[in-house]
Each structure stands twice: as C-alpha cells, then as structure tokens.
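To be precise, the following lines are entry-v6.txt, and they hold compact mmCIF, C-alpha atoms and all ligand atoms.
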```txt
# COMPACT_ATOMS: atom_id res chain seq x y z
CA MET A 1 -15.60 -57.42 23.87
CA THR A 2 -12.45 -58.92 25.37
CA LYS A 3 -9.69 -56.64 26.63
CA LYS A 4 -7.48 -57.86 23.78
CA GLN A 5 -10.11 -56.88 21.18
CA THR A 6 -10.62 -53.58 22.96
CA LEU A 7 -6.89 -52.88 22.92
CA ALA A 8 -6.74 -53.50 19.16
CA LYS A 9 -9.73 -51.21 18.55
CA LEU A 10 -8.33 -48.45 20.75
CA GLN A 11 -4.95 -48.60 18.99
CA LYS A 12 -6.70 -48.32 15.63
CA LEU A 13 -8.85 -45.40 16.82
CA VAL A 14 -5.87 -43.55 18.30
CA LYS A 15 -4.06 -43.92 14.97
CA ALA A 16 -7.12 -42.58 13.15
CA TRP A 17 -7.57 -39.53 15.40
CA GLU A 18 -4.11 -38.62 16.73
CA TRP A 19 -3.65 -36.10 13.89
CA MET A 20 -5.95 -33.70 15.75
CA ALA A 21 -3.08 -33.10 18.15
CA THR A 22 0.05 -34.36 16.37
CA HIS A 23 -0.63 -32.17 13.33
CA TYR A 24 -0.20 -29.18 15.62
CA GLY A 25 3.02 -30.40 17.18
CA TRP A 26 1.77 -32.48 20.08
CA LYS A 27 3.58 -35.66 21.03
CA PHE A 28 1.86 -38.04 23.36
CA ASP A 29 2.13 -41.52 24.79
CA VAL A 30 -0.77 -43.87 25.23
CA VAL A 31 -0.89 -46.26 28.18
CA TYR A 32 -3.38 -49.10 28.07
CA CYS A 33 -4.18 -50.16 31.64
CA ASP A 34 -5.85 -53.41 32.57
CA THR A 35 -7.98 -51.61 35.18
CA HIS A 36 -8.10 -48.18 36.84
CA LEU A 37 -5.35 -49.41 39.18
CA GLY A 38 -2.91 -48.72 36.34
CA PHE A 39 -3.86 -45.04 36.33
CA PRO A 40 -1.42 -42.58 37.90
CA GLU A 41 -1.93 -41.99 41.60
CA ASP A 42 -2.68 -38.31 41.07
CA ASN A 43 -5.85 -39.27 39.20
CA ILE A 44 -8.37 -37.09 40.98
CA SER A 45 -11.43 -37.80 38.89
CA GLY A 46 -13.63 -40.73 38.13
CA GLY A 47 -12.16 -43.68 39.95
CA ASP A 48 -12.80 -47.18 38.66
CA SER A 49 -15.48 -46.17 36.12
CA THR A 50 -13.22 -43.80 34.17
CA ALA A 51 -12.61 -45.00 30.59
CA GLY A 52 -9.77 -42.62 29.81
CA LEU A 53 -7.58 -39.98 31.35
CA CYS A 54 -5.40 -37.33 29.79
CA PHE A 55 -2.39 -35.51 31.20
CA SER A 56 -0.70 -32.73 29.30
CA LYS A 57 1.99 -30.10 29.50
CA PHE A 58 0.99 -27.47 27.00
CA ARG A 59 4.28 -25.60 27.11
CA TYR A 60 6.09 -28.73 25.89
CA LEU A 61 3.22 -30.00 23.71
CA LYS A 62 3.55 -33.34 25.45
CA GLY A 63 1.07 -35.57 27.11
CA THR A 64 -0.08 -39.02 28.06
CA ILE A 65 -3.45 -40.69 27.62
CA TYR A 66 -4.43 -43.61 29.84
CA PHE A 67 -7.17 -46.01 28.85
CA ASN A 68 -8.88 -48.39 31.26
CA LEU A 69 -9.36 -51.60 29.24
CA GLU A 70 -11.84 -52.98 31.76
CA VAL A 71 -14.22 -50.03 31.33
CA CYS A 72 -13.55 -49.64 27.59
CA SER A 73 -14.39 -53.33 27.02
CA GLY A 74 -17.96 -52.56 28.05
CA LEU A 75 -18.40 -49.80 25.46
CA ASN A 76 -19.80 -50.13 21.96
CA ASP A 77 -17.76 -48.97 18.94
CA GLU A 78 -19.44 -45.56 18.82
CA ASP A 79 -18.74 -44.80 22.45
CA LEU A 80 -15.21 -46.13 22.21
CA GLU A 81 -14.48 -43.75 19.36
CA GLU A 82 -15.99 -40.90 21.34
CA VAL A 83 -13.72 -41.69 24.30
CA VAL A 84 -10.63 -41.60 22.06
CA ILE A 85 -11.62 -38.29 20.44
CA HIS A 86 -12.52 -36.88 23.85
CA GLU A 87 -9.12 -37.69 25.35
CA ILE A 88 -7.24 -36.21 22.38
CA THR A 89 -9.45 -33.11 22.53
CA HIS A 90 -8.16 -32.55 26.07
CA PHE A 91 -4.81 -31.57 24.55
CA LEU A 92 -6.47 -28.86 22.48
CA VAL A 93 -8.07 -27.14 25.48
CA SER A 94 -5.09 -27.63 27.80
CA PRO A 95 -3.70 -24.08 27.36
CA ILE A 96 -6.84 -22.72 29.03
CA LEU A 97 -6.44 -25.13 31.93
CA GLU A 98 -2.89 -23.99 32.54
CA ALA A 99 -3.98 -20.37 32.51
CA ALA A 100 -6.89 -20.67 34.90
CA ASP A 101 -8.26 -22.82 37.67
CA ILE A 102 -11.25 -24.18 35.77
CA PRO A 103 -13.60 -26.60 37.54
CA VAL A 104 -13.80 -30.14 36.13
CA THR A 105 -17.48 -30.19 35.09
CA PRO A 106 -17.54 -27.22 32.64
CA MET A 107 -14.17 -28.31 31.27
CA GLU A 108 -15.42 -31.87 30.66
CA TYR A 109 -18.62 -30.55 29.09
CA THR A 110 -16.60 -28.36 26.72
CA VAL A 111 -14.26 -31.20 25.78
CA THR A 112 -17.19 -33.58 25.19
CA THR A 113 -18.99 -31.01 23.04
CA LEU A 114 -15.93 -30.34 20.91
CA ALA A 115 -15.23 -34.06 20.54
CA ARG A 116 -18.81 -34.66 19.34
CA ILE A 117 -18.48 -31.85 16.83
CA PHE A 118 -15.18 -33.27 15.51
CA LYS A 119 -16.75 -36.73 15.20
CA GLY A 120 -19.80 -35.28 13.47
CA LEU A 121 -17.68 -33.29 11.02
CA ALA A 122 -15.61 -36.36 10.18
CA SER A 123 -18.72 -38.46 9.53
CA GLU A 124 -20.14 -35.69 7.30
CA GLU A 125 -16.89 -35.71 5.30
CA ASN A 126 -17.15 -39.46 4.77
CA LYS A 127 -20.70 -39.35 3.35
ZN ZN B 201 -12.35 -35.68 29.90
```
What is this file in structure tokens?
Ligand SMILES: [Zn+2]
Amino acid sequence: MTKKQTLAKLQKLVKAWEWMATHYGWKFDVVYCDTHLGFPEDNISGGDSTAGLCFSKFRYLKGTIYFNLEVCSGLNDEDLEEVVIHEITHFLVSPILEAADIPVTPMEYTVTTLARIFKGLASEENK
C-alpha cells in the first residue's frame, strides 16, 4: 500500500471509530507523519517501528494521535483498523495513567485487549 492509500484508509478508519472517545466529550487531533521522525521528541516508546502514538490530557479531554505512514503502509486492513481502535482506546484508559505510574507493558496489554473486544463487538453487531 502506498502512503497516500494508507492515509486515506486511516482517515476513513478514524472517522468510523472516533465516536468511542468523542461521544464522551473527547476532542483530539490526528497527525499523519511520513515516518517516525514526525513523532514528538518526547516519544519514549517504540522508535521507528511504532505505527501509532497517543498523547492525552484527561482533565481537558483532549489529545493527539500520531500515525507513522511508513509503518502503517506495511499493515493489512485488519491490522490497520486494530491500530486505529488501539490508539483511540488509549484515551479511555488515560485517567488511570494520570492517577498512577503504570508501566508501559501492562498498560499496552490492557489497551490492546480492550481494542480487540471493541472490534469484536462491532463485527458481531454487523452480522
Ligand atoms: Zn498503545
């Protein structure tokens, strides 16, 4: 998939899934980066293989999602959708992160699990 095709797919997927956060008052920006070099400098995880990143301020219900078009271009449609749901799910667990110093691995596992459940529920609804 070209980066241009990936961008179009990501925009469509964000539109399809943003309700998970916006319905509950969240407002967020989405930044589509050519490579990981477009990520903010305080990106502490992942490096150049990270498909997406999410920053949030729970008390303002505001955030920003960054997508790495280079990495996302290598994903199939299923995985791309999972990345989008995963990043939006980060907003939903962000109050816990602000309340405690939670290590990255259990937090990512929790976010991934929730995202898979949301995706599974949505596909059940569409049967
Ligand atoms: Zn994550």
Output as a Markdown table one row per residue of region 44-98 of chain A within 9 Å of region 103-122 of chain A: the closest atom pair and its distance in Å to one decimal place, counting all atoms listed in the file, sorted by chain and residue number ascending.
```
| residue | atom | partner | partner_atom | distance |
| --- | --- | --- | --- | --- |
| A:Ser45 | CA | A:Val104 | CA | 8.5 |
| A:Glu81 | CA | A:Lys119 | CA | 8.5 |
| A:Glu82 | CA | A:Ala115 | CA | 6.9 |
| A:Val83 | CA | A:Ala115 | CA | 8.6 |
| A:Val84 | CA | A:Ala115 | CA | 9.0 |
| A:Ile85 | CA | A:Ala115 | CA | 5.6 |
| A:His86 | CA | A:Ala115 | CA | 5.1 |
| A:Glu87 | CA | A:Val111 | CA | 8.3 |
| A:Ile88 | CA | A:Ala115 | CA | 8.5 |
| A:Thr89 | CA | A:Val111 | CA | 6.1 |
| A:His90 | CA | A:Val111 | CA | 6.3 |
| A:Leu92 | CA | A:Val111 | CA | 8.8 |
| A:Val93 | CA | A:Val111 | CA | 7.4 |
| A:Leu97 | CA | A:Met107 | CA | 8.4 |
```
So, with all atoms listed in the file as the atoms that count, which of A:Trp17, A:Tyr66, A:Phe28, A:Phe58 lies closest to ligand ZN 201 (chain B)?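 Nearest candidate to ligand ZN 201 (chain B) out of A:Trp17, A:Tyr66, A:Phe28, A:Phe58: A:Tyr66.
Between CA of Ala8 (chain A) and CA of Phe55 (chain A) the separation is 22.1 Å.
Checking A:Leu80, A:Leu53, A:Ile65, A:Leu37 one by one against ligand ZN 201 (chain B), counting all atoms listed in the file, you find the shortest gap at A:Leu53.
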Return the single residue from A:Lys127, A:His36, A:Lys12, A:Lys57 that is closest to Glu70 (chain A), with distances computed using only C-alpha atoms.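 Ranking A:Lys127, A:His36, A:Lys12, A:Lys57 by distance to Glu70 (chain A), first place goes to A:His36.
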Return the single residue from A:Phe39, A:Trp19, A:Tyr24, A:Phe91 that is closest to ligand ZN 201 (chain B), with distances computed using only C-alpha atoms and all ligand atoms.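 The shortest atom-to-atom distance to ligand ZN 201 (chain B) comes from A:Phe91.
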From the set A:Tyr32, A:Asp79, A:Val71, A:Gly52, which residue has the shortest atom-to-atom contact distance to ligand ZN 201 (chain B), counting all atoms listed in the file?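 For ligand ZN 201 (chain B), the nearest of the candidates is A:Gly52.
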Selected residue of minimal separation from Glu78 (chain A) among A:Ala21, A:Tyr60, A:Leu13, A:Cys54, counting all atoms listed in the file: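 Checking each of A:Ala21, A:Tyr60, A:Leu13, A:Cys54 against Glu78 (chain A), counting all atoms listed in the file, the winner is A:Leu13.
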Quote the spacing between CA of Met1 (chain A) and CA of Ser73 (chain A) in Å to one decimal place.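 So the two atoms, CA of Met1 (chain A) and CA of Ser73 (chain A), lie 5.3 Å apart.
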What separation in Å, quoted to one decimal, exists between CA of Pro40 (chain A) and CA of Gly25 (chain A)? 24.4 Å
